[in-house]
Each structure stands twice: as C-alpha cells, then as structure tokens.
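To start, the structure under review is shown below, and the notes come after it.
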Amino acid sequence: MKRAPASAGVSALLLTVPVYGLLQWRFSEIAFLNRMAITFGVVIAAMTIIILIKPLAEPKVMPKKRDFDMRPTPLVLWLGGAVIAAVILFYIVFW
Amino acid sequence: MIGFSNVAANISTEQFVSMSGQGAGNVGLAVSGYQLLGAVTIVFVAIFFLPKFLRLGIYTMPEYLEYRYNATARSIMAFYTMAIYIGVTITAVLYSGGLTLHTIFDMDIVRTIWLIGIIAALYTTWGDLKAVTYADLFQGSGLLLGGLVTMVLGFVAVAGLSSFFSANTERLHMVLPANHPEIPWTALLIGLWIPNFFRNSRDIFHPASSLPLCLDLS
C-alpha cells in the first residue's frame, strides 16, 4: 500500500459511493454493516489492481513536521491488553 | 484530557436516544457492540495510527489524504465529510437533542434545536479547537455522570437488577443470528470495525492534535 499512486486513493474515494449505492439498491436484504464490509473489499481490490498496474517508483514517505517519542510504555500496552480482554469477556458472558 | 474529549466527542444523543432505543427494541444489548468494539479500536488507534498523525502535524483526515495522495483526494474527502455532517450527523444530533429538551421541558422543538445549535456554534467559533476540547472535558464529565444516574434510576424504576435481567433475557445477547437486520454476528467480523476505526481515528485524533495547542507545545 506504500506504493499506491494518487489515482488509487482518488479511485477508492470515488468508488465507495456507487458500490455501496448499488448494494443498497439491489441487495437491500444484506445488513448495512455487511454492505459496508463488501464495499470495503471492492475498494481494496480496486486499489490493489491500480497498485499492480501503476505502482509508485519509490514507496511514499510521509513528511514529518514534529517529532517526539511516541513509543507506548509497557503500562499502556498492558492496559490496552486489559481493555481488549474485558471486551472479549463481556461478549462471552452475554453471548 | 484527550481521553475525556474523545469520550465526549463520541457520546451524544446518538447514545442517549438512538442506541437506547435500539437496545430497548429489536437489537437489545448487542447495540453496545458499537461502543465496546470502539474501546478495542481506540487501543489500536492510540498505539499504531495516532503517532503517525501527530508526527505529520495535521488536524483533519482530508489533510492526511492530501499528504498521502493529492489535493483532489483531500477535496473529495472534505466534500464527503461536509455532506455527511450536514445531512446525517448534525441533523440527527440536533433533532434528537431538541426532542430531548422538548420532552423534558415542553419547549417548542424548533426553538430547542436552534438553542442547541447556536450555543455549540458560539463556543466553537469563539474559542476554536481549544474551546471545543475544554468544553468536551466538562460535557464529557456531565454525560458520564448523567449516564450513570440514568442507569441507576432505571434499575430502581424496574425494581432492581434481578427483575431487569429476568424480564429481558431475550435482549441480553451480544451475538445475534446471521439473518438479523441490524447487527448480525457476521457484521462483528468486518462491518462493525469500519465505522469504528473511522470514528475513533477522527474523534481521538482531533483532541489529541489540539493538545500541543493547549499545552503550547507547537
């Protein structure tokens, strides 16, 4: 994805609306969250095709305006893990 | 501060009116999946995405698209965002907020909608992103406290937890059948994560990007 040209991004943005619209029009029985997942899949597939046909010569490097140490501390990682575990536990309890 | 602002940016009448309605209706407890999986996405956004956005020094998602792709991508995203905010988010939030004030205080609904809109517009234009972040801090505390009070009063009104659980056994499920019209279990695999990642990247990112402003770091 780092070699995705600008046309891939623009195509993805433009494709989203007609793909979702088509799904809503022809397949309205599919739950809207699943229609969104299908749209996501179609857009990713389209971007992949564009990257394969016309990749950037060099992987895109994003500019840096500010730089400070953003590495998470071990405590943050543990707390993050605890949040995810709590959500999983809630799903299991109220399955 | 960032956490509170994110919570406040996330909680609104959507939760207090719309999601509560879905919870009492055909979706039940599963509607909380939007928020609970949101907690998981916040962890991922905070660890993997946020550092990238902060280093870029950007303030909005369309800005990111300009750096990554081009100005056209930025314009399209900006147009979508405006259209979605004006047509969906703000309309729904103003209406449900107005409806709440109308129901509680018996005020004219057009007046309550104007009242909420004008107050929000005043402090946003007066104080910029900094005022929004500070306002979020106070409103976030109020919303959390109000939510807790509502929950306790609700349980008292239905004569306790055990009677609530026994009366709602069919609604207390997080995983719904695949043919459910709103949130089938299949949506938990991909579908539900898409709006969650979008919303949390946006909601956590705005207050986080304004933090250097608040602390005069920039």
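Chain lettering (A, B, ...) mirrors the order of the structure tokens, residue numbering begins at 1 for each chain separately, and ligand numbering begins at 1 in order of display.
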Could you build a table of the residues in chain A lying no more than 8 Å from chain B, giving for each the nearest pair of atoms and their separation in Å rounded to one decimal place, using only C-alpha atoms, ordered by chain and ascending residue number, as a Markdown table?
| residue | atom | partner | partner_atom | distance |
| --- | --- | --- | --- | --- |
| A:Pro5 | CA | B:Tyr69 | CA | 6.9 |
| A:Ala6 | CA | B:Tyr69 | CA | 4.3 |
| A:Ser7 | CA | B:Tyr69 | CA | 7.7 |
| A:Gly9 | CA | B:Tyr69 | CA | 6.2 |
| A:Val10 | CA | B:Ala73 | CA | 5.1 |
| A:Leu13 | CA | B:Ile76 | CA | 7.1 |
| A:Leu14 | CA | B:Ile76 | CA | 7.9 |
| A:Glu29 | CA | B:Pro181 | CA | 7.6 |
| A:Ile30 | CA | B:Pro181 | CA | 7.5 |
| A:Ala31 | CA | B:Pro181 | CA | 5.3 |
| A:Phe32 | CA | B:Glu182 | CA | 7.2 |
| A:Leu33 | CA | B:Gly191 | CA | 4.5 |
| A:Asn34 | CA | B:Gly191 | CA | 5.1 |
| A:Arg35 | CA | B:Gly191 | CA | 7.6 |
| A:Met36 | CA | B:Gly191 | CA | 5.8 |
| A:Ala37 | CA | B:Gly191 | CA | 4.5 |
| A:Lys60 | CA | B:Arg68 | CA | 7.5 |
| A:Met62 | CA | B:Arg68 | CA | 6.8 |
| A:Pro63 | CA | B:Leu56 | CA | 6.2 |
| A:Lys64 | CA | B:Leu56 | CA | 5.0 |
| A:Lys65 | CA | B:Leu56 | CA | 5.3 |
| A:Arg66 | CA | B:Arg55 | CA | 4.9 |
| A:Asp67 | CA | B:Arg55 | CA | 5.5 |
| A:Phe68 | CA | B:Arg55 | CA | 7.6 |
| A:Met70 | CA | B:Pro51 | CA | 5.8 |
| A:Arg71 | CA | B:Ile47 | CA | 8.0 |
| A:Pro72 | CA | B:Ile47 | CA | 6.6 |
| A:Gly80 | CA | B:Val43 | CA | 5.6 |
| A:Val83 | CA | B:Val40 | CA | 6.9 |
| A:Ile84 | CA | B:Val40 | CA | 5.5 |
| A:Val87 | CA | B:Leu36 | CA | 6.2 |
| A:Tyr91 | CA | B:Met174 | CA | 5.9 |
| A:Phe94 | CA | B:His173 | CA | 5.1 |
| A:Trp95 | CA | B:Met174 | CA | 5.3 |
How would the residues just chosen look if you wrote them out with N, CA, C and O atoms as a tab-separated table (two decimals), in the first residue's frame?
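New file out23.tsv:
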chain	number	residue	atom	x	y	z
A	5	PRO	N	-0.38	4.82	-5.92
A	5	PRO	CA	-0.31	6.15	-6.50
A	5	PRO	C	-1.54	6.98	-6.13
A	5	PRO	O	-2.51	6.43	-5.60
A	6	ALA	N	-1.50	8.28	-6.39
A	6	ALA	CA	-2.62	9.17	-6.05
A	6	ALA	C	-3.92	8.69	-6.69
A	6	ALA	O	-4.99	8.78	-6.09
A	7	SER	N	-3.81	8.14	-7.91
A	7	SER	CA	-5.02	7.69	-8.61
A	7	SER	C	-5.72	6.58	-7.83
A	7	SER	O	-6.95	6.46	-7.87
A	9	GLY	N	-5.89	6.32	-4.51
A	9	GLY	CA	-6.64	6.96	-3.43
A	9	GLY	C	-7.89	7.64	-3.95
A	9	GLY	O	-8.98	7.49	-3.37
A	10	VAL	N	-7.75	8.37	-5.06
A	10	VAL	CA	-8.90	9.09	-5.63
A	10	VAL	C	-9.95	8.08	-6.10
A	10	VAL	O	-11.15	8.26	-5.84
A	13	LEU	N	-11.87	6.66	-3.18
A	13	LEU	CA	-12.85	7.62	-2.65
A	13	LEU	C	-14.07	7.71	-3.56
A	13	LEU	O	-15.20	7.78	-3.09
A	14	LEU	N	-13.82	7.71	-4.88
A	14	LEU	CA	-14.94	7.85	-5.81
A	14	LEU	C	-15.76	6.58	-5.94
A	14	LEU	O	-16.97	6.64	-6.17
A	29	GLU	N	-31.46	-6.57	1.33
A	29	GLU	CA	-31.68	-7.51	2.43
A	29	GLU	C	-30.40	-7.74	3.25
A	29	GLU	O	-30.46	-8.22	4.38
A	30	ILE	N	-29.25	-7.38	2.68
A	30	ILE	CA	-27.98	-7.53	3.42
A	30	ILE	C	-27.93	-6.43	4.49
A	30	ILE	O	-28.23	-5.27	4.20
A	31	ALA	N	-27.54	-6.78	5.73
A	31	ALA	CA	-27.44	-5.79	6.80
A	31	ALA	C	-26.45	-4.69	6.41
A	31	ALA	O	-25.46	-4.97	5.74
A	32	PHE	N	-26.72	-3.44	6.81
A	32	PHE	CA	-25.91	-2.33	6.29
A	32	PHE	C	-24.43	-2.44	6.66
A	32	PHE	O	-23.56	-2.04	5.89
A	33	LEU	N	-24.13	-3.04	7.83
A	33	LEU	CA	-22.72	-3.19	8.22
A	33	LEU	C	-22.01	-4.16	7.27
A	33	LEU	O	-20.85	-3.98	6.94
A	34	ASN	N	-22.74	-5.19	6.82
A	34	ASN	CA	-22.14	-6.14	5.87
A	34	ASN	C	-22.00	-5.52	4.48
A	34	ASN	O	-21.05	-5.81	3.77
A	35	ARG	N	-22.96	-4.64	4.12
A	35	ARG	CA	-22.82	-3.93	2.84
A	35	ARG	C	-21.56	-3.09	2.87
A	35	ARG	O	-20.84	-2.97	1.88
A	36	MET	N	-21.28	-2.49	4.04
A	36	MET	CA	-20.09	-1.67	4.18
A	36	MET	C	-18.83	-2.52	4.05
A	36	MET	O	-17.86	-2.11	3.42
A	37	ALA	N	-18.87	-3.74	4.64
A	37	ALA	CA	-17.72	-4.65	4.56
A	37	ALA	C	-17.46	-5.04	3.11
A	37	ALA	O	-16.31	-5.07	2.67
A	60	LYS	N	5.99	5.65	-0.78
A	60	LYS	CA	5.68	7.01	-0.33
A	60	LYS	C	6.26	7.26	1.07
A	60	LYS	O	6.05	6.48	1.99
A	62	MET	N	6.08	9.84	4.15
A	62	MET	CA	5.27	10.95	4.65
A	62	MET	C	6.16	11.97	5.34
A	62	MET	O	7.12	11.61	6.03
A	63	PRO	N	5.86	13.27	5.13
A	63	PRO	CA	6.69	14.29	5.77
A	63	PRO	C	6.51	14.29	7.29
A	63	PRO	O	5.48	13.85	7.80
A	64	LYS	N	7.55	14.75	8.03
A	64	LYS	CA	7.46	14.84	9.49
A	64	LYS	C	7.56	16.31	9.88
A	64	LYS	O	8.54	16.97	9.58
A	65	LYS	N	6.52	16.82	10.54
A	65	LYS	CA	6.57	18.22	10.96
A	65	LYS	C	7.05	18.32	12.40
A	65	LYS	O	7.71	19.26	12.79
A	66	ARG	N	6.62	17.35	13.21
A	66	ARG	CA	7.01	17.34	14.61
A	66	ARG	C	7.59	15.98	14.89
A	66	ARG	O	7.17	15.01	14.28
A	67	ASP	N	8.51	15.91	15.80
A	67	ASP	CA	8.96	14.58	16.17
A	67	ASP	C	9.13	14.51	17.68
A	67	ASP	O	9.80	15.33	18.28
A	68	PHE	N	8.42	13.60	18.27
A	68	PHE	CA	8.65	13.34	19.69
A	68	PHE	C	8.46	11.86	19.94
A	68	PHE	O	7.88	11.15	19.12
A	70	MET	N	7.02	8.67	20.65
A	70	MET	CA	5.63	8.22	20.76
A	70	MET	C	5.56	6.72	21.04
A	70	MET	O	4.52	6.12	20.86
A	71	ARG	N	6.69	6.13	21.46
A	71	ARG	CA	6.64	4.70	21.75
A	71	ARG	C	5.80	4.46	23.00
A	71	ARG	O	6.01	5.14	24.02
A	72	PRO	N	4.82	3.55	22.94
A	72	PRO	CA	3.99	3.32	24.12
A	72	PRO	C	4.79	2.67	25.24
A	72	PRO	O	5.66	1.84	24.98
A	80	GLY	N	-3.98	-1.54	27.55
A	80	GLY	CA	-4.66	-1.78	26.27
A	80	GLY	C	-5.09	-3.23	26.16
A	80	GLY	O	-6.22	-3.53	25.77
A	83	VAL	N	-8.09	-3.86	28.35
A	83	VAL	CA	-9.34	-3.37	27.75
A	83	VAL	C	-9.87	-4.39	26.75
A	83	VAL	O	-11.06	-4.76	26.77
A	84	ILE	N	-8.98	-4.90	25.89
A	84	ILE	CA	-9.40	-5.87	24.86
A	84	ILE	C	-9.91	-7.15	25.54
A	84	ILE	O	-10.95	-7.69	25.16
A	87	VAL	N	-13.41	-6.65	26.94
A	87	VAL	CA	-14.45	-6.67	25.90
A	87	VAL	C	-14.75	-8.10	25.49
A	87	VAL	O	-15.92	-8.50	25.36
A	91	TYR	N	-18.35	-10.20	25.78
A	91	TYR	CA	-19.00	-10.92	24.68
A	91	TYR	C	-19.28	-12.38	25.07
A	91	TYR	O	-20.32	-12.93	24.73
A	94	PHE	N	-22.19	-12.49	27.76
A	94	PHE	CA	-23.51	-12.22	27.18
A	94	PHE	C	-23.64	-12.76	25.76
A	94	PHE	O	-24.24	-12.13	24.91
A	95	TRP	N	-23.02	-13.89	25.48
A	95	TRP	CA	-23.08	-14.49	24.15
A	95	TRP	C	-24.52	-14.62	23.75
A	95	TRP	O	-25.08	-14.33	22.79
Distance query Gly117 of chain B at most 10 Å, only C-alpha atoms, self and fewer than 6 positions along chain excluded, as a list in words: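 Contacts, in chain order: Ile90, Val93, Leu94, Gly97, Gly98 and Arg111 of chain B.
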Please identify the helix (DSSP H, G or I) residues within segment 18-218 of chain B (assignment by DSSP from backbone atoms) and present them as a PyMOL selection string. chain B and resi 18-24+28-56+61-68+71-105+109-157+161-167+169-171+185-188+193-214
Any idea what's packed within 9 Å of Val42 of chain A, counting only C-alpha atoms, ignoring anything in its chain fewer than 5 positions away? Could you give it as a VMD selection string? chain A and resid 15 to 16 19 37 47
To one decimal in Å, tell me the separation between atom CA of Gly21 of chain A and atom CA of Ile44 of chain A.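 One can read the atom CA of Gly21 of chain A to atom CA of Ile44 of chain A distance as 17.0 Å.
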Residues near Leu101 of chain B, cut-off 8 Å, only C-alpha atoms, skip fewer than 6 positions along chain, as a PyMOL selection string: chain B and resi 107+109+112
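Proximity to Val43 of chain A was assessed for A:Ile92, A:Val61, A:Ala12, A:Ala85 counting only C-alpha atoms; the smallest distance is recorded for A:Ala12.
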Please compute the atom CA of Leu122 of chain B-atom CA of Met19 of chain B distance, one decimal, in Å.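 A separation of 27.9 Å between them.
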